[in-house]
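**Student:** Handing over protein-v9.cif, mmCIF, C-alpha atoms and all ligand atoms.
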data_run
#
loop_
_atom_site.label_atom_id
_atom_site.label_comp_id
_atom_site.auth_asym_id
_atom_site.auth_seq_id
_atom_site.Cartn_x
_atom_site.Cartn_y
_atom_site.Cartn_z
CA MET U 1 0.00 0.00 0.00
CA ASN U 2 1.24 3.49 -0.89
CA LEU U 3 -0.76 6.45 0.37
CA SER U 4 1.14 9.22 -1.39
CA TYR U 5 0.91 10.68 -4.87
CA THR U 6 3.54 9.56 -7.40
CA THR U 7 6.21 12.11 -8.35
CA ARG U 8 4.34 12.83 -11.60
CA GLN U 9 0.98 13.28 -9.84
CA GLN U 10 2.67 15.60 -7.32
CA GLU U 11 4.20 17.62 -10.19
CA PHE U 12 0.75 18.04 -11.77
CA LYS U 13 -0.65 19.11 -8.38
CA THR U 14 2.08 21.72 -7.89
CA SER U 15 1.73 23.16 -11.37
CA ALA U 16 -2.08 23.31 -10.91
CA LEU U 17 -1.60 25.24 -7.66
CA GLU U 18 0.80 27.71 -9.28
CA PHE U 19 -1.43 28.13 -12.33
CA ALA U 20 -4.50 28.79 -10.14
CA GLN U 21 -2.72 31.34 -7.94
CA ALA U 22 -1.44 33.21 -10.98
CA GLU U 23 -4.50 33.12 -13.25
CA LEU U 24 -7.78 32.60 -11.44
CA ASN U 25 -8.07 34.98 -8.49
CA ASP U 26 -8.40 38.43 -10.04
CA SER U 27 -11.19 40.64 -8.58
CA ILE U 28 -12.84 37.73 -6.79
CA LEU U 29 -14.48 39.96 -4.14
CA GLU U 30 -16.18 42.02 -6.83
CA ARG U 31 -17.11 39.07 -9.03
CA ASP U 32 -18.60 37.26 -6.03
CA ARG U 33 -20.64 40.35 -5.13
CA ASN U 34 -21.89 40.71 -8.72
CA GLY U 35 -22.37 36.99 -9.30
CA GLU U 36 -20.10 37.17 -12.33
CA PHE U 37 -18.94 34.06 -14.18
CA SER U 38 -15.38 34.25 -15.56
CA PHE U 39 -15.21 33.23 -19.24
CA LYS U 40 -11.54 34.22 -19.08
CA GLY U 41 -10.94 31.83 -16.19
CA TRP U 42 -12.87 29.06 -17.99
CA LYS U 43 -10.66 29.42 -21.08
CA ALA U 44 -7.47 29.65 -18.98
CA CYS U 45 -8.44 26.38 -17.24
CA ALA U 46 -9.11 24.72 -20.60
CA ASP U 47 -5.73 25.91 -21.93
CA PHE U 48 -4.12 24.49 -18.79
CA GLY U 49 -5.81 21.14 -19.58
CA LEU U 50 -8.32 20.98 -16.72
CA GLN U 51 -11.47 20.22 -18.72
CA GLY U 52 -9.59 17.46 -20.55
CA ILE U 53 -7.97 15.63 -17.63
CA LEU U 54 -10.11 12.50 -18.06
CA VAL U 55 -10.51 12.69 -21.85
CA PRO U 56 -8.26 10.45 -24.00
CA GLU U 57 -5.47 12.19 -25.90
CA GLU U 58 -6.94 11.22 -29.28
CA LEU U 59 -10.02 13.29 -28.35
CA GLY U 60 -7.92 16.29 -27.30
CA GLY U 61 -7.56 15.60 -23.56
CA LEU U 62 -4.74 14.63 -21.23
CA GLY U 63 -5.89 11.01 -20.91
CA LEU U 64 -5.27 10.85 -17.16
CA ASP U 65 -7.04 8.75 -14.53
CA PRO U 66 -9.20 9.79 -11.53
CA LEU U 67 -6.20 9.81 -9.16
CA TYR U 68 -4.63 12.51 -11.35
CA TYR U 69 -8.00 14.28 -11.31
CA ALA U 70 -7.88 14.25 -7.49
CA ALA U 71 -4.27 15.49 -7.39
CA ILE U 72 -4.79 18.26 -9.97
CA MET U 73 -8.07 19.45 -8.46
CA GLU U 74 -6.56 19.45 -4.99
CA GLY U 75 -3.83 21.78 -6.30
CA ILE U 76 -6.41 23.93 -8.07
CA GLY U 77 -8.51 24.25 -4.90
CA GLN U 78 -5.47 25.22 -2.87
CA GLY U 79 -4.54 27.99 -5.31
CA CYS U 80 -7.94 29.16 -6.59
CA LYS U 81 -10.29 31.33 -4.55
CA ASP U 82 -12.97 31.32 -7.26
CA ASN U 83 -14.75 28.24 -5.92
CA GLY U 84 -17.74 28.95 -8.18
CA LEU U 85 -15.64 28.65 -11.34
CA ILE U 86 -14.20 25.31 -10.22
CA PHE U 87 -17.66 24.06 -9.21
CA SER U 88 -18.86 24.91 -12.73
CA ILE U 89 -15.91 23.07 -14.26
CA ASN U 90 -16.52 20.04 -12.03
CA ALA U 91 -20.17 19.95 -13.16
CA HIS U 92 -19.08 20.27 -16.80
CA ILE U 93 -16.59 17.41 -16.49
CA LEU U 94 -18.20 14.97 -14.09
CA THR U 95 -21.85 15.22 -15.15
CA CYS U 96 -21.44 16.09 -18.83
CA ILE U 97 -18.07 14.97 -20.24
CA VAL U 98 -18.01 11.70 -18.27
CA PRO U 99 -21.45 10.43 -19.46
CA ILE U 100 -20.55 11.25 -23.09
CA LEU U 101 -17.19 9.56 -22.66
CA LEU U 102 -18.65 6.43 -21.06
CA HIS U 103 -21.96 6.09 -22.89
CA GLY U 104 -21.92 8.41 -25.93
CA SER U 105 -21.68 7.23 -29.54
CA ASN U 106 -18.49 7.85 -31.53
CA GLU U 107 -20.40 10.51 -33.44
CA GLN U 108 -21.38 12.31 -30.19
CA LYS U 109 -17.83 12.11 -28.86
CA LYS U 110 -16.42 13.57 -32.09
CA ARG U 111 -19.06 16.29 -32.24
CA TYR U 112 -18.85 17.56 -28.67
CA LEU U 113 -15.81 16.45 -26.71
CA GLU U 114 -13.17 18.46 -28.53
CA GLY U 115 -15.03 21.73 -27.90
CA MET U 116 -15.81 20.73 -24.30
CA VAL U 117 -12.11 20.14 -23.69
CA SER U 118 -10.80 23.21 -25.54
CA GLY U 119 -13.05 25.60 -23.61
CA LYS U 120 -15.20 26.47 -26.64
CA LEU U 121 -18.28 24.63 -25.33
CA ILE U 122 -19.78 24.87 -21.85
CA ALA U 123 -22.11 22.09 -20.75
CA ALA U 124 -24.82 21.78 -18.11
CA ASN U 125 -26.51 18.77 -16.57
CA ALA U 126 -30.29 18.98 -16.07
CA MET U 127 -31.79 16.34 -13.79
CA THR U 128 -33.50 18.14 -10.89
CA GLU U 129 -37.12 19.23 -11.23
CA ALA U 130 -39.25 21.29 -8.87
CA ASP U 131 -41.00 18.15 -7.58
CA SER U 132 -38.17 15.65 -7.83
CA GLY U 133 -35.11 16.90 -5.94
CA SER U 134 -33.94 14.10 -3.69
CA ASP U 135 -36.27 11.68 -5.50
CA ALA U 136 -34.10 12.09 -8.58
CA TYR U 137 -35.84 9.42 -10.63
CA GLY U 138 -39.40 10.74 -10.31
CA LEU U 139 -39.15 12.94 -13.42
CA ARG U 140 -42.12 14.71 -14.99
CA THR U 141 -40.21 15.91 -18.06
CA THR U 142 -41.15 13.61 -20.92
CA ALA U 143 -39.52 12.67 -24.21
CA VAL U 144 -41.72 11.09 -26.89
CA LYS U 145 -40.26 9.48 -30.02
CA GLU U 146 -41.80 10.81 -33.23
CA ASN U 147 -40.54 10.46 -36.83
CA GLY U 148 -36.82 10.19 -36.11
CA HIS U 149 -36.97 12.80 -33.34
CA TYR U 150 -37.68 13.02 -29.63
CA VAL U 151 -40.09 15.74 -28.45
CA LEU U 152 -39.31 17.05 -24.96
CA ASN U 153 -41.80 18.74 -22.62
CA GLY U 154 -41.32 19.79 -19.03
CA SER U 155 -38.97 21.86 -16.90
CA LYS U 156 -35.78 21.61 -14.87
CA THR U 157 -34.41 23.68 -12.03
CA PHE U 158 -31.08 24.42 -10.30
CA VAL U 159 -29.17 23.78 -13.53
CA THR U 160 -25.55 24.81 -12.92
CA ASN U 161 -23.98 26.58 -15.95
CA ALA U 162 -27.35 26.86 -17.75
CA PRO U 163 -27.15 30.66 -18.39
CA VAL U 164 -23.82 30.24 -20.19
CA ALA U 165 -24.17 26.71 -21.56
CA ASP U 166 -23.93 25.62 -25.19
CA ILE U 167 -25.15 22.08 -24.59
CA PHE U 168 -27.35 20.39 -22.02
CA ILE U 169 -27.40 16.81 -20.80
CA VAL U 170 -31.11 16.33 -20.07
CA TYR U 171 -32.82 13.43 -18.33
CA ALA U 172 -36.47 12.72 -19.21
CA THR U 173 -39.09 9.99 -18.90
CA THR U 174 -39.59 7.93 -22.04
CA ASN U 175 -41.79 5.29 -20.37
CA LYS U 176 -43.84 6.38 -17.35
CA ALA U 177 -44.53 2.80 -16.25
CA GLY U 178 -40.82 1.93 -16.35
CA GLY U 179 -39.71 3.93 -13.27
CA PHE U 180 -35.90 3.85 -13.05
CA PHE U 181 -35.81 1.97 -16.38
CA GLY U 182 -38.19 4.44 -18.00
CA LEU U 183 -35.67 7.30 -18.03
CA SER U 184 -33.46 8.35 -20.92
CA CYS U 185 -30.67 10.85 -21.37
CA PHE U 186 -30.38 13.38 -24.21
CA LEU U 187 -28.06 16.01 -25.63
CA VAL U 188 -29.83 19.30 -26.36
CA GLU U 189 -28.06 22.19 -28.06
CA LYS U 190 -28.72 25.70 -26.80
CA ASN U 191 -30.50 27.18 -29.81
CA THR U 192 -32.95 24.32 -30.26
CA PRO U 193 -36.48 25.73 -30.78
CA GLY U 194 -38.66 24.94 -27.77
CA LEU U 195 -35.78 25.12 -25.26
CA PHE U 196 -36.03 28.08 -22.86
CA VAL U 197 -33.24 29.12 -20.50
CA GLY U 198 -34.58 31.02 -17.47
CA GLU U 199 -33.21 34.04 -15.64
CA LYS U 200 -30.12 33.52 -13.53
CA ILE U 201 -31.02 32.21 -10.06
CA GLU U 202 -29.35 34.22 -7.25
CA LYS U 203 -27.51 32.04 -4.76
CA MET U 204 -26.04 32.44 -1.28
CA GLY U 205 -22.64 31.06 -2.29
CA LEU U 206 -20.79 29.76 -5.34
CA ARG U 207 -22.02 33.02 -6.81
CA THR U 208 -19.59 33.01 -9.73
CA SER U 209 -21.14 29.73 -10.93
CA PRO U 210 -24.28 30.67 -12.86
CA MET U 211 -27.52 28.69 -12.52
CA SER U 212 -31.01 28.83 -14.00
CA GLU U 213 -34.17 26.90 -14.81
CA LEU U 214 -34.85 25.27 -18.16
CA GLY U 215 -38.17 24.86 -19.96
CA PHE U 216 -39.01 22.46 -22.79
CA ASN U 217 -42.04 23.22 -24.91
CA ASN U 218 -42.36 20.68 -27.75
CA CYS U 219 -38.60 20.83 -28.06
CA ARG U 220 -37.69 18.52 -30.99
CA ILE U 221 -34.25 16.97 -31.05
CA PRO U 222 -32.82 14.38 -33.48
CA ALA U 223 -33.15 10.77 -32.24
CA GLY U 224 -29.35 10.58 -32.59
CA ASN U 225 -29.07 12.90 -29.56
CA LEU U 226 -30.10 10.06 -27.25
CA ILE U 227 -27.07 9.11 -25.11
CA GLY U 228 -26.84 5.34 -24.65
CA GLU U 229 -30.02 3.27 -24.88
CA GLU U 230 -33.63 4.42 -24.50
CA GLY U 231 -34.50 3.45 -20.91
CA GLY U 232 -30.84 3.53 -19.91
CA GLY U 233 -30.96 7.04 -18.39
CA GLY U 234 -31.34 5.83 -14.80
CA ILE U 235 -28.23 3.64 -14.97
CA LEU U 236 -26.35 6.37 -16.83
CA PHE U 237 -27.28 8.94 -14.17
CA SER U 238 -26.30 6.71 -11.27
CA SER U 239 -22.94 5.89 -12.89
CA SER U 240 -22.31 9.58 -13.52
CA MET U 241 -23.29 10.37 -9.90
CA GLU U 242 -20.72 7.85 -8.69
CA TRP U 243 -18.00 9.79 -10.53
CA GLU U 244 -19.37 13.09 -9.31
CA ARG U 245 -19.69 12.06 -5.67
CA GLY U 246 -16.23 10.55 -5.69
CA LEU U 247 -14.43 13.51 -7.23
CA ILE U 248 -16.45 16.73 -6.98
CA LEU U 249 -14.93 17.64 -3.62
CA ALA U 250 -11.28 17.11 -4.61
CA ASN U 251 -10.71 20.86 -4.92
CA CYS U 252 -12.29 21.28 -1.46
CA ILE U 253 -9.40 19.31 0.06
CA GLY U 254 -7.13 22.00 -1.40
CA ILE U 255 -9.41 24.72 -0.01
CA MET U 256 -9.29 23.10 3.45
CA ASP U 257 -5.49 23.00 3.22
CA ARG U 258 -5.32 26.69 2.26
CA LEU U 259 -7.72 27.69 5.07
CA LEU U 260 -5.71 25.72 7.61
CA SER U 261 -2.52 27.59 6.57
CA ASP U 262 -4.38 30.91 6.84
CA CYS U 263 -5.65 29.96 10.31
CA LEU U 264 -2.20 28.85 11.49
CA ASN U 265 -0.73 32.12 10.32
CA TYR U 266 -3.52 34.12 11.99
CA ALA U 267 -3.34 32.13 15.24
CA ASN U 268 0.43 32.80 15.43
CA THR U 269 0.30 36.51 14.56
CA ARG U 270 -2.96 37.85 16.01
CA LYS U 271 -2.19 39.02 19.54
CA ILE U 272 -4.73 39.85 22.20
CA GLY U 273 -2.84 41.29 25.15
CA ASP U 274 0.64 39.74 25.10
CA GLN U 275 -0.36 36.41 23.70
CA PRO U 276 -1.01 35.14 20.18
CA ILE U 277 -4.52 33.68 20.08
CA GLY U 278 -2.99 30.27 19.16
CA ALA U 279 -1.73 30.07 22.78
CA HIS U 280 -5.33 29.55 23.89
CA GLN U 281 -6.24 25.89 24.00
CA SER U 282 -9.65 26.68 22.52
CA ILE U 283 -8.00 27.97 19.32
CA ALA U 284 -5.22 25.34 19.27
CA HIS U 285 -7.81 22.54 19.53
CA LYS U 286 -9.77 24.00 16.63
CA ILE U 287 -6.58 23.91 14.57
CA ALA U 288 -5.97 20.28 15.57
CA GLN U 289 -9.53 19.35 14.67
CA MET U 290 -9.21 21.12 11.30
CA LYS U 291 -6.08 19.09 10.56
CA VAL U 292 -7.80 15.81 11.48
CA ARG U 293 -10.75 16.63 9.20
CA LEU U 294 -8.40 17.60 6.36
CA GLU U 295 -6.36 14.38 6.57
CA THR U 296 -9.36 12.04 6.95
CA SER U 297 -11.09 13.79 4.02
CA ARG U 298 -7.96 13.36 1.92
CA LEU U 299 -7.94 9.62 2.62
CA MET U 300 -11.63 9.31 1.73
CA LEU U 301 -10.98 11.16 -1.53
CA TYR U 302 -7.94 9.01 -2.42
CA LYS U 303 -9.83 5.77 -1.79
CA ALA U 304 -12.76 6.83 -3.99
CA ALA U 305 -10.41 8.10 -6.75
CA TRP U 306 -8.26 4.95 -6.51
CA LEU U 307 -11.31 2.68 -6.92
CA LYS U 308 -12.50 4.68 -9.93
CA SER U 309 -8.96 4.54 -11.38
CA LEU U 310 -9.16 0.74 -11.14
CA LYS U 311 -12.48 1.02 -13.03
CA LYS U 312 -14.28 -0.54 -10.08
CA SER U 313 -17.83 0.17 -9.06
CA ALA U 314 -17.63 2.30 -5.92
CA ALA U 315 -21.17 3.27 -4.92
CA LEU U 316 -20.44 2.89 -1.20
CA ASP U 317 -17.03 4.58 -1.13
CA THR U 318 -18.08 7.53 -3.29
CA SER U 319 -21.09 8.21 -1.05
CA LEU U 320 -18.89 7.84 2.04
CA ALA U 321 -16.47 10.36 0.49
CA LYS U 322 -19.21 12.82 -0.52
CA LEU U 323 -20.86 12.73 2.92
CA SER U 324 -17.73 12.90 5.05
CA ILE U 325 -15.76 15.43 2.99
CA SER U 326 -18.67 17.86 2.61
CA GLU U 327 -19.42 17.80 6.35
CA ALA U 328 -15.71 18.20 7.22
CA TYR U 329 -15.31 21.03 4.70
CA ILE U 330 -18.25 22.96 6.18
CA GLU U 331 -16.99 22.42 9.74
CA ASN U 332 -13.50 23.64 8.81
CA CYS U 333 -14.93 26.80 7.25
CA ARG U 334 -16.99 27.40 10.43
CA ASP U 335 -13.88 26.91 12.58
CA ALA U 336 -11.84 29.24 10.34
CA LEU U 337 -14.48 31.93 10.75
CA GLN U 338 -14.46 31.50 14.54
CA ILE U 339 -10.65 31.67 14.69
CA PHE U 340 -10.68 34.93 12.71
CA GLY U 341 -13.30 36.32 15.13
CA GLY U 342 -15.18 39.40 13.94
CA TYR U 343 -12.75 39.80 11.05
CA GLY U 344 -13.81 36.40 9.74
CA TYR U 345 -17.33 37.74 9.34
CA MET U 346 -16.14 40.68 7.25
CA VAL U 347 -16.15 40.32 3.46
CA GLU U 348 -12.64 41.73 3.08
CA TYR U 349 -11.10 38.82 5.02
CA GLU U 350 -12.55 36.29 2.56
CA ILE U 351 -13.52 33.66 5.13
CA GLU U 352 -17.26 34.34 5.06
CA ARG U 353 -17.28 33.69 1.30
CA GLU U 354 -15.57 30.32 1.87
CA LEU U 355 -18.30 29.35 4.35
CA ARG U 356 -21.09 30.48 2.00
CA ASP U 357 -19.50 28.46 -0.82
CA ALA U 358 -18.97 25.41 1.39
CA LEU U 359 -22.56 25.19 2.66
CA ALA U 360 -23.79 24.04 -0.78
CA SER U 361 -21.62 20.93 -0.63
CA SER U 362 -24.04 19.05 1.63
CA LEU U 363 -26.84 19.76 -0.87
CA TYR U 364 -25.60 19.25 -4.45
CA SER U 365 -24.93 15.76 -5.88
CA GLY U 366 -27.39 14.36 -3.35
CA THR U 367 -27.88 15.86 0.11
CA SER U 368 -26.13 14.47 3.18
CA GLU U 369 -29.41 12.80 4.16
CA VAL U 370 -29.58 11.08 0.76
CA GLN U 371 -25.95 9.92 1.10
CA LYS U 372 -26.89 8.38 4.47
CA ASN U 373 -29.84 6.63 2.80
CA ILE U 374 -27.53 5.23 0.11
CA ILE U 375 -24.84 4.15 2.58
CA SER U 376 -27.29 2.48 4.97
CA SER U 377 -29.16 0.77 2.12
CA LEU U 378 -25.87 -0.73 0.91
CA LEU U 379 -25.03 -1.94 4.42
CA LEU U 380 -28.36 -3.17 5.75
C1 LIG U 401 -25.32 24.78 -5.68
C2 LIG U 401 -26.20 23.75 -6.28
C3 LIG U 401 -25.97 23.32 -7.58
C4 LIG U 401 -26.82 22.38 -8.17
N1 LIG U 401 -26.59 22.00 -9.48
C5 LIG U 401 -27.44 21.15 -10.09
C6 LIG U 401 -27.28 20.79 -11.47
O1 LIG U 401 -26.34 21.24 -12.14
N2 LIG U 401 -28.18 19.97 -12.05
C7 LIG U 401 -29.22 19.44 -11.36
O2 LIG U 401 -29.99 18.67 -11.95
N3 LIG U 401 -29.42 19.74 -10.04
C8 LIG U 401 -28.56 20.58 -9.39
N4 LIG U 401 -28.75 20.92 -8.06
C9 LIG U 401 -29.90 20.39 -7.37
C10 LIG U 401 -29.56 19.38 -6.27
O3 LIG U 401 -29.20 18.16 -6.83
C11 LIG U 401 -30.81 19.30 -5.37
O4 LIG U 401 -30.93 20.54 -4.71
C12 LIG U 401 -30.70 18.18 -4.36
O5 LIG U 401 -30.79 16.94 -5.02
C13 LIG U 401 -31.83 18.25 -3.31
O6 LIG U 401 -33.08 18.41 -3.90
P1 LIG U 401 -34.06 19.56 -3.38
O7 LIG U 401 -33.27 20.83 -3.37
O8 LIG U 401 -35.29 19.53 -4.21
O9 LIG U 401 -34.37 19.18 -1.89
P2 LIG U 401 -35.52 18.21 -1.38
O10 LIG U 401 -35.46 16.91 -2.11
O11 LIG U 401 -36.83 18.93 -1.36
O12 LIG U 401 -35.06 17.96 0.11
C14 LIG U 401 -35.34 18.86 1.19
C15 LIG U 401 -34.80 18.26 2.48
O13 LIG U 401 -35.44 16.99 2.73
C16 LIG U 401 -34.47 15.96 2.80
N5 LIG U 401 -34.99 14.74 2.17
C17 LIG U 401 -35.69 14.66 0.99
N6 LIG U 401 -35.96 13.38 0.70
C18 LIG U 401 -35.41 12.63 1.68
C19 LIG U 401 -35.33 11.24 1.94
N7 LIG U 401 -35.85 10.33 1.12
N8 LIG U 401 -34.68 10.83 3.07
C20 LIG U 401 -34.11 11.75 3.92
N9 LIG U 401 -34.16 13.07 3.72
C21 LIG U 401 -34.79 13.51 2.63
C22 LIG U 401 -33.25 16.48 2.04
O14 LIG U 401 -32.05 15.83 2.45
C23 LIG U 401 -33.29 17.95 2.41
O15 LIG U 401 -32.69 18.15 3.66
C24 LIG U 401 -27.91 21.85 -7.44
C25 LIG U 401 -28.13 22.28 -6.12
C26 LIG U 401 -27.30 23.21 -5.55
C27 LIG U 401 -27.57 23.66 -4.13
#
Show me the file's structure as structure tokens.
**Tutor:**
Amino acid sequence: MNLSYTTRQQEFKTSALEFAQAELNDSILERDRNGEFSFKGWKACADFGLQGILVPEELGGLGLDPLYYAAIMEGIGQGCKDNGLIFSINAHILTCIVPILLHGSNEQKKRYLEGMVSGKLIAANAMTEADSGSDAYGLRTTAVKENGHYVLNGSKTFVTNAPVADIFIVYATTNKAGGFFGLSCFLVEKNTPGLFVGEKIEKMGLRTSPMSELGFNNCRIPAGNLIGEEGGGGILFSSSMEWERGLILANCIGIMDRLLSDCLNYANTRKIGDQPIGAHQSIAHKIAQMKVRLETSRLMLYKAAWLKSLKKSAALDTSLAKLSISEAYIENCRDALQIFGGYGYMVEYEIERELRDALASSLYSGTSEVQKNIISSLLL
């Protein structure tokens, strides 16, 4: 057993950190306030190779495995303060590129992947509906096959990247009686008649990652835009969720590392009376607890990424990783804010933004309660 990155993985991690520090942090306070997505940052990440980490070289990517994804994203999270941008890129890769890569036809791969890797195309994944959040498979959006086309009707909500997206991965019911096996997955291009992209939804955190609703009103798409088999959407979604739950928080390990360094520095330099605040056991114990959460989260991430690198099914380990890392990440942001005292609450000190961004992690990709349902159902 070897629990450390290889020299090459470590080199990728370091260069990701340096790239992120140099290229992705400009005017983050202002962009967060205005809820502004960075097209420049998106393109810089694509030029660095981020969107193509998992895509084979012959399709324009770096052809690396999930352990490299974990290492590179950890470096990115450590260097990048624009958590919204990286969340958008994670959604683009893990819920859009991965399903096309694993289940798409050669034609679909050729048509979309190159642009998705080069930064030309932005993708969004549309599963959630107003009445089917945690019950992800109870979809009301329908797709009916008609003369070589599918006709989509319905609506989606909370679609990350939708306001800026060029293509949408959309899940719809093709057979109401089929339940899980009655769902199918489609590619819908942005200018398709009958597709409506709603106004941007304002969020508490991850404000630089845009989100909106989608509407489908007799939206006709070619039958060739079906990804995988008709009725295979449920399996496709759960396999894509496994990737997402296993890897979406990799950058958050880097964020936790960066916050711990900031807290150590603050605890050593902030003096009240004659003493640095780190001399108080209450602060020192918070630091210790932050370190424990960081290291246990890292191990959970590595195990999930390692299993996916071995191409193993990892439903249990990816849910364990999603649940434990998100809860640890939120707790570390809360502790960081407490260590910084009143300054932590002030926008200028950039801790309150980290906490706002972190709070979403126990909601997206299945809430913590849903992860507990999955874990217990696999154990009982
Ligand atoms: C920042 C962000 C980005 C997102 N991006 C996307 C995206 O790109 N695409 C997309 O399709 N969706 C996206 N979502 C939606 C996300 O997947 C849903 O918000 C999530 O699945 C929960 O659904 P809900 O919000 O409808 O909550 P609900 O399902 O209404 O749940 C409300 C509460 O009840 C609990 N609950 C519900 N059912 C159960 C149960 N069976 N057992 C125990 N507890 C339960 C939940 O855990 C939660 O605490 C995003 C959400 C957020 C916050």
**Student:** Between CA of Gln78 (chain U) and CA of Ser240 (chain U), what distance in Å does the model show, to one decimal?
**Tutor:**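 CA of Ser240 (chain U) lies 25.3 Å from CA of Gln78 (chain U).
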**Student:** Within 7 Å of ligand LIG 401 (chain U), which residues of chain U come that close, and what is the closest atom pair and distance in Å for each? Count all atoms listed in the file and give it as a tab-separated table.
**Tutor:**
residue	atom	partner	partner_atom	distance
U:Ala91	CA	U:LIG401	O1	6.4
U:Ala124	CA	U:LIG401	O1	6.2
U:Asn125	CA	U:LIG401	N2	5.0
U:Ala126	CA	U:LIG401	O2	4.1
U:Met127	CA	U:LIG401	O2	3.5
U:Thr128	CA	U:LIG401	O2	3.7
U:Ala130	CA	U:LIG401	O8	6.4
U:Asp131	CA	U:LIG401	O8	6.8
U:Ser132	CA	U:LIG401	O8	6.0
U:Gly133	CA	U:LIG401	O8	3.2
U:Ser134	CA	U:LIG401	O10	3.6
U:Asp135	CA	U:LIG401	O10	6.3
U:Ala136	CA	U:LIG401	O5	6.9
U:Thr157	CA	U:LIG401	N3	6.7
U:Phe158	CA	U:LIG401	C8	4.7
U:Val159	CA	U:LIG401	O1	4.0
U:Thr160	CA	U:LIG401	O1	3.7
U:Asn161	CA	U:LIG401	O1	7.0
U:Leu206	CA	U:LIG401	C1	6.7
U:Ala360	CA	U:LIG401	C27	5.1
U:Leu363	CA	U:LIG401	C27	5.1
U:Tyr364	CA	U:LIG401	C25	4.3
U:Ser365	CA	U:LIG401	O3	5.0
U:Gly366	CA	U:LIG401	O5	4.6
U:Thr367	CA	U:LIG401	O14	4.8
U:Ser368	CA	U:LIG401	O14	6.1
U:Glu369	CA	U:LIG401	O14	4.4
U:Val370	CA	U:LIG401	C20	5.6
U:Asn373	CA	U:LIG401	N8	6.4
**Student:** Please save C-alpha atoms of the selected residues as a PDB file, keeping the file's coordinate frame.
**Tutor:**
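Result went into out_13.pdb, see below:
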ATOM      1  CA  ALA U  91     -20.170  19.950 -13.160  1.00  0.00           C
ATOM      2  CA  ALA U 124     -24.820  21.780 -18.110  1.00  0.00           C
ATOM      3  CA  ASN U 125     -26.510  18.770 -16.570  1.00  0.00           C
ATOM      4  CA  ALA U 126     -30.290  18.980 -16.070  1.00  0.00           C
ATOM      5  CA  MET U 127     -31.790  16.340 -13.790  1.00  0.00           C
ATOM      6  CA  THR U 128     -33.500  18.140 -10.890  1.00  0.00           C
ATOM      7  CA  ALA U 130     -39.250  21.290  -8.870  1.00  0.00           C
ATOM      8  CA  ASP U 131     -41.000  18.150  -7.580  1.00  0.00           C
ATOM      9  CA  SER U 132     -38.170  15.650  -7.830  1.00  0.00           C
ATOM     10  CA  GLY U 133     -35.110  16.900  -5.940  1.00  0.00           C
ATOM     11  CA  SER U 134     -33.940  14.100  -3.690  1.00  0.00           C
ATOM     12  CA  ASP U 135     -36.270  11.680  -5.500  1.00  0.00           C
ATOM     13  CA  ALA U 136     -34.100  12.090  -8.580  1.00  0.00           C
ATOM     14  CA  THR U 157     -34.410  23.680 -12.030  1.00  0.00           C
ATOM     15  CA  PHE U 158     -31.080  24.420 -10.300  1.00  0.00           C
ATOM     16  CA  VAL U 159     -29.170  23.780 -13.530  1.00  0.00           C
ATOM     17  CA  THR U 160     -25.550  24.810 -12.920  1.00  0.00           C
ATOM     18  CA  ASN U 161     -23.980  26.580 -15.950  1.00  0.00           C
ATOM     19  CA  LEU U 206     -20.790  29.760  -5.340  1.00  0.00           C
ATOM     20  CA  ALA U 360     -23.790  24.040  -0.780  1.00  0.00           C
ATOM     21  CA  LEU U 363     -26.840  19.760  -0.870  1.00  0.00           C
ATOM     22  CA  TYR U 364     -25.600  19.250  -4.450  1.00  0.00           C
ATOM     23  CA  SER U 365     -24.930  15.760  -5.880  1.00  0.00           C
ATOM     24  CA  GLY U 366     -27.390  14.360  -3.350  1.00  0.00           C
ATOM     25  CA  THR U 367     -27.880  15.860   0.110  1.00  0.00           C
ATOM     26  CA  SER U 368     -26.130  14.470   3.180  1.00  0.00           C
ATOM     27  CA  GLU U 369     -29.410  12.800   4.160  1.00  0.00           C
ATOM     28  CA  VAL U 370     -29.580  11.080   0.760  1.00  0.00           C
ATOM     29  CA  ASN U 373     -29.840   6.630   2.800  1.00  0.00           C
TER      30      ASN U 373
END
**Student:** Excluding Lys176 (chain U) and any residue of its chain fewer than 6 positions from it, enumerate the residues within 9 Å of it, using all atoms listed in the file, and give them as a ChimeraX atom specification.
**Tutor:** /U:139-140,142,182-183
**Student:** Calculated over all atoms listed in the file, which of the candidates U:Asp335, U:Glu295, U:Glu244, U:Glu18 has the smallest distance to Ala314 (chain U)?
**Tutor:**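 Nearest to Ala314 (chain U): U:Glu244.
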**Student:** Using all atoms listed in the file, which protein or nucleic acid residues come within 8 Å of region 31-46 of chain U? Drop anything in the same chain fewer than 4 positions from it, and give the result as a list in words.
**Tutor:**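 Listing them by chain and then by number gives Glu23, Leu24, Ser27, Leu50, Gln51, Gly52, Gly84, Leu85, Ile89, Val117, Ser118, Gly119, Lys120, Glu202, Leu206, Arg207, Thr208, Ser209 and Pro210 of chain U.
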**Student:** Residues of the last selection are to be written out with C-alpha atoms, as a short mmCIF file (atom, residue, chain, number, x, y, z; two decimals), in the frame of the given file.
**Tutor:**
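Dumped everything to selection_14.cif:
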data_model
loop_
_atom_site.label_atom_id
_atom_site.label_comp_id
_atom_site.auth_asym_id
_atom_site.auth_seq_id
_atom_site.Cartn_x
_atom_site.Cartn_y
_atom_site.Cartn_z
CA GLU U 23 -4.50 33.12 -13.25
CA LEU U 24 -7.78 32.60 -11.44
CA SER U 27 -11.19 40.64 -8.58
CA LEU U 50 -8.32 20.98 -16.72
CA GLN U 51 -11.47 20.22 -18.72
CA GLY U 52 -9.59 17.46 -20.55
CA GLY U 84 -17.74 28.95 -8.18
CA LEU U 85 -15.64 28.65 -11.34
CA ILE U 89 -15.91 23.07 -14.26
CA VAL U 117 -12.11 20.14 -23.69
CA SER U 118 -10.80 23.21 -25.54
CA GLY U 119 -13.05 25.60 -23.61
CA LYS U 120 -15.20 26.47 -26.64
CA GLU U 202 -29.35 34.22 -7.25
CA LEU U 206 -20.79 29.76 -5.34
CA ARG U 207 -22.02 33.02 -6.81
CA THR U 208 -19.59 33.01 -9.73
CA SER U 209 -21.14 29.73 -10.93
CA PRO U 210 -24.28 30.67 -12.86
#
